[in-house]
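Novice: This is target25.json, which holds JSON, C-alpha atoms:
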```json
[["chain", "number", "residue", "atom", "x", "y", "z"],
["L", 1, "MET", "CA", -34.08, 7.00, -0.58],
["L", 2, "ASP", "CA", -33.80, 5.00, 2.64],
["L", 3, "LEU", "CA", -30.62, 3.82, 4.32],
["L", 4, "GLN", "CA", -30.77, 0.32, 2.86],
["L", 5, "ASP", "CA", -31.06, 1.62, -0.71],
["L", 6, "ARG", "CA", -28.20, 4.02, -0.19],
["L", 7, "THR", "CA", -26.05, 1.29, 1.32],
["L", 8, "GLU", "CA", -26.69, -1.12, -1.54],
["L", 9, "GLY", "CA", -25.68, 1.57, -4.02],
["L", 10, "LEU", "CA", -22.56, 2.28, -2.01],
["L", 11, "VAL", "CA", -21.53, -1.37, -1.94],
["L", 12, "GLU", "CA", -21.85, -1.57, -5.73],
["L", 13, "GLY", "CA", -19.48, 1.36, -6.03],
["L", 14, "LEU", "CA", -17.00, -0.06, -3.54],
["L", 15, "HIS", "CA", -16.84, -3.29, -5.48],
["L", 16, "ALA", "CA", -15.58, -1.31, -8.47],
["L", 17, "ILE", "CA", -12.51, -0.17, -6.51],
["L", 18, "ALA", "CA", -11.39, -3.50, -5.10],
["L", 19, "GLY", "CA", -8.61, -3.38, -2.55],
["L", 20, "ASP", "CA", -9.00, 0.30, -1.70],
["L", 21, "GLY", "CA", -10.74, -0.11, 1.66],
["L", 22, "ALA", "CA", -8.98, 0.90, 4.88],
["L", 23, "TRP", "CA", -10.20, -0.10, 8.35],
["L", 24, "SER", "CA", -10.00, 2.37, 11.21],
["L", 25, "PRO", "CA", -7.72, 1.32, 14.11],
["L", 26, "ASP", "CA", -10.77, 0.34, 16.21],
["L", 27, "GLU", "CA", -12.34, -1.47, 13.20],
["L", 28, "ARG", "CA", -15.61, 0.45, 13.58],
["L", 29, "HIS", "CA", -15.30, 2.42, 10.36],
["L", 30, "LEU", "CA", -14.27, 1.58, 6.81],
["L", 31, "ALA", "CA", -12.87, 4.27, 4.53],
["L", 32, "ALA", "CA", -12.83, 3.54, 0.82],
["L", 33, "THR", "CA", -13.05, 5.04, -2.66],
["L", 34, "TYR", "CA", -16.61, 5.22, -4.02],
["L", 35, "LEU", "CA", -17.12, 5.23, -7.78],
["L", 36, "SER", "CA", -20.31, 7.02, -8.80],
["L", 37, "LYS", "CA", -21.54, 8.62, -12.00],
["L", 38, "ASP", "CA", -19.84, 11.83, -10.84],
["L", 39, "GLY", "CA", -16.42, 10.22, -10.45],
["L", 40, "PHE", "CA", -14.32, 9.12, -7.49],
["L", 41, "THR", "CA", -15.15, 10.12, -3.93],
["L", 42, "ALA", "CA", -13.70, 8.93, -0.62],
["L", 43, "VAL", "CA", -16.39, 7.70, 1.76],
["L", 44, "LEU", "CA", -16.55, 6.62, 5.39],
["L", 45, "VAL", "CA", -18.86, 3.78, 6.46],
["L", 46, "ASP", "CA", -19.99, 3.05, 10.03],
["L", 47, "VAL", "CA", -20.01, -0.75, 10.03],
["L", 48, "ASP", "CA", -22.53, -0.95, 12.91],
["L", 49, "THR", "CA", -25.22, 1.36, 11.52],
["L", 50, "LEU", "CA", -24.20, 1.30, 7.81],
["L", 51, "ALA", "CA", -24.44, 5.08, 7.78],
["L", 52, "TRP", "CA", -21.90, 6.67, 5.44],
["L", 53, "TRP", "CA", -20.40, 10.06, 4.64],
["L", 54, "ARG", "CA", -18.64, 11.54, 1.64],
["L", 55, "LEU", "CA", -15.19, 12.85, 2.48],
["L", 56, "GLY", "CA", -12.78, 15.34, 1.06],
["L", 57, "PRO", "CA", -12.85, 18.37, -1.24],
["L", 58, "ALA", "CA", -15.53, 18.97, -3.83],
["L", 59, "GLN", "CA", -13.26, 18.11, -6.78],
["L", 60, "GLY", "CA", -12.97, 14.50, -5.65],
["L", 61, "SER", "CA", -10.78, 12.38, -3.43],
["L", 62, "MET", "CA", -9.56, 8.80, -3.30],
["L", 63, "HIS", "CA", -7.27, 6.28, -1.58],
["L", 64, "PRO", "CA", -7.93, 7.25, 2.06],
["L", 65, "VAL", "CA", -5.27, 6.52, 4.71],
["L", 66, "TRP", "CA", -5.94, 6.52, 8.46],
["L", 67, "HIS", "CA", -3.97, 8.52, 10.99],
["L", 68, "PRO", "CA", -2.95, 6.17, 13.86],
["L", 69, "SER", "CA", -5.28, 8.08, 16.21],
["L", 70, "GLY", "CA", -8.31, 6.97, 14.19],
["L", 71, "GLN", "CA", -9.59, 10.56, 14.30],
["L", 72, "ARG", "CA", -8.32, 11.76, 10.92],
["L", 73, "LEU", "CA", -7.91, 10.56, 7.36],
["L", 74, "LEU", "CA", -5.41, 11.56, 4.69],
["L", 75, "LEU", "CA", -7.11, 11.79, 1.29],
["L", 76, "ASN", "CA", -5.45, 11.78, -2.12],
["L", 77, "GLY", "CA", -6.81, 14.10, -4.78],
["L", 78, "PHE", "CA", -5.98, 16.85, -7.25],
["L", 79, "CYS", "CA", -5.67, 20.61, -6.97],
["L", 80, "GLY", "CA", -7.13, 22.04, -10.17],
["L", 81, "ALA", "CA", -7.00, 19.98, -13.36],
["L", 82, "PRO", "CA", -6.11, 16.32, -12.76],
["L", 83, "GLY", "CA", -2.51, 15.41, -13.47],
["L", 84, "PRO", "CA", 0.62, 14.17, -11.69],
["L", 85, "GLU", "CA", 1.97, 17.69, -11.12],
["L", 86, "ARG", "CA", -1.24, 18.70, -9.33],
["L", 87, "ALA", "CA", -1.57, 15.69, -7.04],
["L", 88, "CYS", "CA", -2.19, 16.78, -3.47],
["L", 89, "VAL", "CA", -3.41, 15.44, -0.14],
["L", 90, "HIS", "CA", -5.98, 16.74, 2.33],
["L", 91, "LEU", "CA", -6.48, 15.95, 6.02],
["L", 92, "THR", "CA", -10.03, 15.54, 7.29],
["L", 93, "ASP", "CA", -11.44, 14.90, 10.76],
["L", 94, "VAL", "CA", -13.89, 12.00, 10.99],
["L", 95, "PRO", "CA", -16.71, 11.50, 10.87],
["L", 96, "GLY", "CA", -18.10, 14.42, 8.91],
["L", 97, "GLY", "CA", -15.25, 16.86, 9.48],
["L", 98, "GLU", "CA", -13.97, 19.57, 7.16],
["L", 99, "SER", "CA", -11.04, 18.85, 4.85],
["L", 100, "ALA", "CA", -7.92, 21.01, 4.78],
["L", 101, "PHE", "CA", -5.13, 21.03, 2.19],
["L", 102, "LEU", "CA", -1.90, 19.60, 3.63],
["L", 103, "ALA", "CA", 0.68, 19.36, 0.83],
["L", 104, "PHE", "CA", 1.36, 18.60, -2.80],
["L", 105, "GLY", "CA", 2.13, 14.95, -3.48],
["L", 106, "SER", "CA", 0.39, 11.63, -2.99],
["L", 107, "THR", "CA", 0.71, 8.37, -1.09],
["L", 108, "PHE", "CA", 1.25, 6.45, -4.34],
["L", 109, "PHE", "CA", 4.38, 4.26, -4.05],
["L", 110, "CYS", "CA", 4.12, 4.65, -0.26],
["L", 111, "VAL", "CA", 2.66, 1.76, 1.78],
["L", 112, "ASP", "CA", 1.24, 2.53, 5.27],
["L", 113, "PRO", "CA", 2.63, 6.06, 4.87],
["L", 114, "TYR", "CA", 2.76, 7.35, 8.48],
["L", 115, "TRP", "CA", 6.41, 7.21, 9.45],
["L", 116, "GLN", "CA", 7.81, 8.42, 12.78],
["L", 117, "GLY", "CA", 5.08, 11.01, 13.29],
["L", 118, "ARG", "CA", 4.99, 12.40, 9.74],
["L", 119, "TRP", "CA", 3.24, 11.57, 6.48],
["L", 120, "LEU", "CA", 5.29, 9.98, 3.71],
["L", 121, "LEU", "CA", 4.43, 11.36, 0.26],
["L", 122, "SER", "CA", 5.78, 10.95, -3.26],
["L", 123, "ARG", "CA", 6.03, 13.85, -5.71],
["L", 124, "ARG", "CA", 6.68, 13.82, -9.41],
["L", 125, "ALA", "CA", 10.22, 14.92, -10.16],
["L", 126, "GLU", "CA", 10.82, 18.15, -12.05],
["L", 127, "LYS", "CA", 10.20, 18.09, -15.80],
["L", 128, "GLN", "CA", 12.75, 15.86, -17.44],
["L", 129, "ARG", "CA", 13.45, 13.75, -20.46],
["L", 130, "TRP", "CA", 11.70, 10.38, -20.57],
["L", 131, "GLN", "CA", 14.94, 8.45, -20.05],
["L", 132, "ASP", "CA", 15.97, 10.46, -16.97],
["L", 133, "LEU", "CA", 15.60, 9.23, -13.40],
["L", 134, "PRO", "CA", 14.17, 9.52, -10.82],
["L", 135, "ARG", "CA", 10.52, 9.82, -11.77],
["L", 136, "TYR", "CA", 9.40, 10.48, -8.18],
["L", 137, "ARG", "CA", 10.96, 11.86, -5.03],
["L", 138, "PHE", "CA", 9.85, 11.10, -1.48],
["L", 139, "TYR", "CA", 9.17, 13.50, 1.40],
["L", 140, "LEU", "CA", 8.17, 13.41, 5.05],
["L", 141, "VAL", "CA", 5.47, 16.02, 5.73],
["L", 142, "ASP", "CA", 4.41, 17.21, 9.19],
["L", 143, "GLU", "CA", 0.98, 18.43, 10.28],
["L", 144, "ALA", "CA", 1.89, 22.00, 9.29],
["L", 145, "GLY", "CA", 2.73, 20.96, 5.73],
["L", 146, "GLU", "CA", 6.50, 21.40, 6.16],
["L", 147, "SER", "CA", 8.39, 18.78, 4.16],
["L", 148, "GLU", "CA", 11.81, 17.13, 4.20],
["L", 149, "GLU", "CA", 13.13, 14.95, 1.38],
["L", 150, "VAL", "CA", 14.23, 11.41, 2.21],
["L", 151, "LEU", "CA", 16.60, 9.16, 0.26],
["L", 152, "ALA", "CA", 17.48, 12.07, -2.01],
["L", 153, "ASP", "CA", 20.61, 10.26, -3.24],
["L", 154, "ARG", "CA", 18.72, 7.19, -4.46],
["L", 155, "VAL", "CA", 16.28, 6.24, -7.19],
["L", 156, "VAL", "CA", 13.39, 4.91, -5.12],
["L", 157, "ARG", "CA", 10.65, 2.69, -6.52],
["L", 158, "SER", "CA", 8.56, 2.51, -3.33],
["L", 159, "ILE", "CA", 8.79, 2.82, 0.47],
["L", 160, "ILE", "CA", 6.93, 0.46, 2.79],
["L", 161, "VAL", "CA", 6.40, 1.54, 6.41],
["L", 162, "SER", "CA", 5.98, -0.98, 9.21],
["L", 163, "PRO", "CA", 2.88, -1.08, 11.46],
["L", 164, "GLY", "CA", 3.52, 1.48, 14.18],
["L", 165, "GLY", "CA", 5.63, 3.59, 11.83],
["L", 166, "GLU", "CA", 9.04, 2.97, 13.39],
["L", 167, "ARG", "CA", 10.74, 1.10, 10.55],
["L", 168, "ALA", "CA", 10.57, 1.33, 6.78],
["L", 169, "ALA", "CA", 11.88, -0.61, 3.81],
["L", 170, "ALA", "CA", 12.80, 1.01, 0.51],
["L", 171, "ILE", "CA", 12.98, -0.67, -2.90],
["L", 172, "CYS", "CA", 15.60, 1.22, -4.91],
["L", 173, "LEU", "CA", 17.39, 0.99, -8.23],
["L", 174, "PRO", "CA", 21.19, 0.66, -8.14],
["L", 175, "PRO", "CA", 23.47, 3.57, -9.11],
["L", 176, "GLY", "CA", 23.66, 4.05, -12.87],
["L", 177, "ALA", "CA", 20.21, 2.59, -13.50],
["L", 178, "THR", "CA", 18.34, 3.77, -16.59],
["L", 179, "ARG", "CA", 14.68, 4.20, -17.40],
["L", 180, "GLU", "CA", 14.71, 0.75, -18.99],
["L", 181, "SER", "CA", 15.72, -0.73, -15.61],
["L", 182, "LEU", "CA", 12.41, 0.20, -13.99],
["L", 183, "PRO", "CA", 10.26, -2.77, -15.03],
["L", 184, "ASN", "CA", 12.75, -5.51, -14.30],
["L", 185, "GLY", "CA", 15.28, -4.40, -11.71],
["L", 186, "PRO", "CA", 17.37, -5.81, -10.14],
["L", 187, "TYR", "CA", 16.30, -3.77, -7.15],
["L", 188, "ARG", "CA", 18.12, -3.14, -3.90],
["L", 189, "LEU", "CA", 16.18, -3.61, -0.69],
["L", 190, "SER", "CA", 17.15, -1.35, 2.21],
["L", 191, "VAL", "CA", 15.82, -1.05, 5.76],
["L", 192, "LEU", "CA", 15.48, 2.33, 7.47],
["L", 193, "GLU", "CA", 15.16, 2.41, 11.25],
["L", 194, "GLY", "CA", 15.94, 4.65, 14.17],
["L", 195, "PRO", "CA", 15.79, 8.47, 13.98],
["L", 196, "HIS", "CA", 15.30, 9.94, 10.55],
["L", 197, "GLY", "CA", 18.62, 10.70, 8.90],
["L", 198, "VAL", "CA", 20.29, 7.41, 9.81],
["L", 199, "PRO", "CA", 21.63, 5.96, 6.53],
["L", 200, "PRO", "CA", 19.58, 3.07, 5.11],
["L", 201, "ARG", "CA", 20.98, -0.42, 5.53],
["L", 202, "GLU", "CA", 20.98, -2.47, 2.33],
["L", 203, "ILE", "CA", 20.01, -6.08, 3.05],
["L", 204, "ALA", "CA", 19.26, -7.79, -0.27],
["L", 205, "GLN", "CA", 19.07, -7.55, -4.05],
["L", 206, "GLY", "CA", 16.44, -9.06, -6.33],
["L", 207, "ASP", "CA", 13.47, -8.45, -8.59],
["L", 208, "TYR", "CA", 11.37, -7.02, -5.76],
["L", 209, "TRP", "CA", 8.13, -5.34, -6.69],
["L", 210, "TRP", "CA", 5.88, -6.25, -3.75],
["L", 211, "LEU", "CA", 6.78, -6.07, -0.06],
["L", 212, "ARG", "CA", 4.85, -6.04, 3.23],
["L", 213, "TRP", "CA", 5.94, -5.86, 6.88],
["L", 214, "SER", "CA", 4.59, -8.32, 9.44],
["L", 215, "ASN", "CA", 2.42, -6.81, 12.18],
["L", 216, "ALA", "CA", 5.31, -7.30, 14.62],
["L", 217, "ALA", "CA", 7.66, -5.54, 12.15],
["L", 218, "ASP", "CA", 10.15, -8.41, 12.42],
["L", 219, "ARG", "CA", 9.66, -10.00, 8.98],
["L", 220, "LEU", "CA", 9.03, -8.95, 5.39],
["L", 221, "LEU", "CA", 6.83, -10.81, 2.94],
["L", 222, "THR", "CA", 7.43, -10.76, -0.81],
["L", 223, "SER", "CA", 6.81, -12.51, -4.07],
["L", 224, "ASN", "CA", 10.02, -11.28, -5.61],
["L", 225, "THR", "CA", 9.44, -11.83, -9.30],
["L", 226, "ASP", "CA", 7.37, -9.69, -11.63],
["L", 227, "TYR", "CA", 4.02, -11.29, -12.41],
["L", 228, "GLY", "CA", 3.19, -11.44, -16.09],
["L", 229, "SER", "CA", 3.99, -14.87, -17.44],
["L", 230, "GLY", "CA", 0.76, -16.43, -16.19],
["L", 231, "GLU", "CA", 2.64, -18.41, -13.54],
["L", 232, "ALA", "CA", 2.48, -17.26, -9.93],
["L", 233, "PRO", "CA", 5.94, -16.68, -8.37],
["L", 234, "PRO", "CA", 7.17, -18.24, -5.11],
["L", 235, "ILE", "CA", 6.42, -16.38, -1.87],
["L", 236, "PHE", "CA", 9.33, -15.60, 0.47],
["L", 237, "VAL", "CA", 9.81, -14.30, 4.01],
["L", 238, "ILE", "CA", 12.79, -11.96, 4.45],
["L", 239, "ASP", "CA", 14.66, -11.39, 7.72],
["L", 240, "PRO", "CA", 15.14, -7.57, 7.86],
["L", 241, "GLY", "CA", 18.22, -8.03, 10.03],
["L", 242, "SER", "CA", 20.24, -10.28, 7.76],
["L", 243, "GLY", "CA", 18.35, -10.07, 4.45],
["L", 244, "THR", "CA", 18.05, -13.87, 4.39],
["L", 245, "GLU", "CA", 15.18, -15.15, 2.23],
["L", 246, "ALA", "CA", 13.23, -18.23, 3.29],
["L", 247, "PRO", "CA", 10.67, -19.70, 0.88],
["L", 248, "VAL", "CA", 7.22, -20.31, 2.31],
["L", 249, "GLN", "CA", 6.62, -24.04, 1.91],
["L", 250, "LEU", "CA", 3.65, -26.36, 1.80],
["L", 251, "ALA", "CA", 3.53, -29.52, 3.91],
["L", 252, "ASP", "CA", 5.07, -31.59, 1.09],
["L", 253, "GLY", "CA", 8.04, -29.23, 0.86],
["L", 254, "SER", "CA", 6.97, -27.56, -2.39],
["L", 255, "PRO", "CA", 7.04, -23.76, -2.53],
["L", 256, "LEU", "CA", 3.91, -21.71, -1.95],
["L", 257, "THR", "CA", 3.23, -19.56, -5.01],
["L", 258, "GLY", "CA", 1.07, -16.48, -5.41],
["L", 259, "ILE", "CA", 1.10, -12.72, -5.82],
["L", 260, "GLU", "CA", 0.54, -9.73, -3.51],
["L", 261, "PRO", "CA", 0.85, -11.68, -0.24],
["L", 262, "VAL", "CA", -0.13, -9.89, 2.99],
["L", 263, "TRP", "CA", 0.10, -10.87, 6.66],
["L", 264, "ALA", "CA", -3.14, -11.66, 8.46],
["L", 265, "GLY", "CA", -4.18, -11.74, 12.11],
["L", 266, "ASP", "CA", -1.25, -12.33, 14.47],
["L", 267, "ASP", "CA", 1.15, -13.10, 11.60],
["L", 268, "SER", "CA", 0.27, -16.80, 11.82],
["L", 269, "CYS", "CA", -1.16, -16.82, 8.31],
["L", 270, "ILE", "CA", -1.03, -14.90, 5.04],
["L", 271, "LEU", "CA", -3.47, -14.03, 2.28],
["L", 272, "TYR", "CA", -2.44, -14.09, -1.36],
["L", 273, "ILE", "CA", -3.79, -14.17, -4.93],
["L", 274, "ARG", "CA", -3.45, -16.93, -7.50],
["L", 275, "PRO", "CA", -4.51, -17.10, -11.15],
["L", 276, "SER", "CA", -7.58, -19.25, -11.71],
["L", 277, "ALA", "CA", -7.49, -22.23, -14.06],
["L", 278, "VAL", "CA", -10.68, -20.93, -15.68],
["L", 279, "GLY", "CA", -9.54, -17.33, -15.97],
["L", 280, "GLY", "CA", -9.51, -14.48, -13.49],
["L", 281, "THR", "CA", -8.01, -14.72, -10.01],
["L", 282, "GLU", "CA", -8.63, -16.49, -6.71],
["L", 283, "ILE", "CA", -8.00, -15.38, -3.11],
["L", 284, "TRP", "CA", -6.18, -17.91, -0.91],
["L", 285, "SER", "CA", -4.99, -18.17, 2.69],
["L", 286, "TYR", "CA", -2.02, -20.07, 4.12],
["L", 287, "GLY", "CA", -1.41, -21.04, 7.76],
["L", 288, "PHE", "CA", 2.18, -21.47, 8.94],
["L", 289, "ALA", "CA", 1.12, -24.14, 11.47],
["L", 290, "ARG", "CA", -0.58, -26.49, 9.01],
["L", 291, "LYS", "CA", 1.45, -25.44, 5.96],
["L", 292, "ARG", "CA", -1.66, -25.65, 3.84],
["L", 293, "GLY", "CA", -3.25, -23.28, 1.37],
["L", 294, "LYS", "CA", -7.02, -22.82, 1.31],
["L", 295, "ARG", "CA", -9.03, -21.06, -1.36],
["L", 296, "LEU", "CA", -11.26, -18.36, 0.14],
["L", 297, "TYR", "CA", -12.84, -16.97, -3.01],
["L", 298, "PRO", "CA", -14.45, -18.48, -4.98],
["L", 299, "PHE", "CA", -15.46, -20.42, -1.86],
["L", 300, "GLU", "CA", -13.98, -23.86, -1.17],
["L", 301, "ASP", "CA", -15.51, -26.45, 1.18],
["L", 302, "ASP", "CA", -13.24, -28.22, 3.68]]
```
Could I get this file's structure written as structure tokens?

Specialist:
Amino acid sequence: MDLQDRTEGLVEGLHAIAGDGAWSPDERHLAATYLSKDGFTAVLVDVDTLAWWRLGPAQGSMHPVWHPSGQRLLLNGFCGAPGPERACVHLTDVPGGESAFLAFGSTFFCVDPYWQGRWLLSRRAEKQRWQDLPRYRFYLVDEAGESEEVLADRVVRSIIVSPGGERAAAICLPPGATRESLPNGPYRLSVLEGPHGVPPREIAQGDYWWLRWSNAADRLLTSNTDYGSGEAPPIFVIDPGSGTEAPVQLADGSPLTGIEPVWAGDDSCILYIRPSAVGGTEIWSYGFARKRGKRLYPFEDD
């Protein structure tokens, strides 16, 4: 099989795991989860030559995350039979390096999980009754596999690390929350900055379920309502210093609506998803200068 055939087969597999690609810091390689007849496998693609490599242990790997150096990848997988209690991560040198077990846990519920020189992982809490909380606990793990729990006194839904790894934001449930509180909140949004161990600073409360730092780590982007009614929620920008929310607005003053917004480029625009009038979803962009949304996929002519 020649390179072109292999690449076409790879692209088909990558399409099945939409949103799981991760660019290297120099944007020369793309790491992603490849779905084949044998299951999930993390792969690395050289975007210049289209050569690609399988990554990780033989039992499968997925959801690759780059080390800031661009020389290593953290791979999620399982140790033994698949299951939450056996989730583990491996570190592998790229391209084509050997993988080594790092720790039990996963990067699920952790966004951009390299925080102040250590990996941020979530682990399933000890066996408990269904109604008990928390379900997951969060740890910082160093290169030797030594771990330290963070936010042990809180019920954490997810932790989002800023580009550069100096700041983080945590979405938590309030004290006294029950299992039934998980889907709907209200959640408390806290910012963590400075040396590890400094208490988190609560800045806002709301139905947060999606949050992303700007590239400059000076703003947070959210659509702070659960998506399930068929209507896209408004998109907000949050000041991490004061917790003030500012709705993103179109030129006519109406709110921009969508789900899973992310910053793009130099933070001058965002990408987001909207439900399609004919079913399915559409990908849109919004520029802060022109205050205009533009559909990117399916394609829209100017």

Novice: Smallest atom-to-atom distance to Ile160 (chain L): which of L:Leu220, L:Ile259, L:Ala204, L:Val141, using all atoms listed in the file?

Specialist: L:Leu220

Novice: Considering all atoms listed in the file, return as a list in words whatever protein or nucleic-acid residues lie within 8 Å of Val150 (chain L), sequence-local ones (same chain, fewer than 5 positions apart) excluded.

Specialist: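 Near neighbours after the sequence-gap exclusion: Arg137, Phe138, Tyr139 and Leu140 of chain L.
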
Novice: For CA of Val89 (chain L) and CA of Pro68 (chain L), determine how far apart the two atoms are, in Å to one decimal place.

Specialist: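 Separation of CA of Val89 (chain L) and CA of Pro68 (chain L): 16.8 Å.
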
Novice: Smallest atom-to-atom distance to Glu143 (chain L): which of L:Arg201, L:Ala170, L:Leu250, L:His67, using all atoms listed in the file?

Specialist: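 Selected residue with least distance to Glu143 (chain L): L:His67.
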
Novice: Please compute the CA of Arg135 (chain L)-CA of Ser147 (chain L) distance, one decimal, in Å.

Specialist: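 Rounded to one decimal, the two atoms are 18.4 Å apart.
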
Novice: Can you report as AutoDock Vina command-line options the centre and edge lengths in Å, to one decimal, of an axis-aligned box around the listed atoms of region 235-249 of chain L padded with 5 Å on each side?

Specialist:
```
--center_x 13.3 --center_y -15.8 --center_z 4.1 --size_x 23.8 --size_y 26.5 --size_z 21.9
```

Novice: Under the rule that only C-alpha atoms are counted, which of L:Glu126, L:Asp48, L:Glu245, L:Asp112 is the nearest residue to Gln205 (chain L)?

Specialist: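 The answer is L:Glu245, which sits nearest to Gln205 (chain L).
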
Novice: Figure out the distance between CA of Tyr272 (chain L) and CA of Ser285 (chain L), please, to one decimal in Å.

Specialist: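 Rounded to one decimal, the two atoms are 6.3 Å apart.
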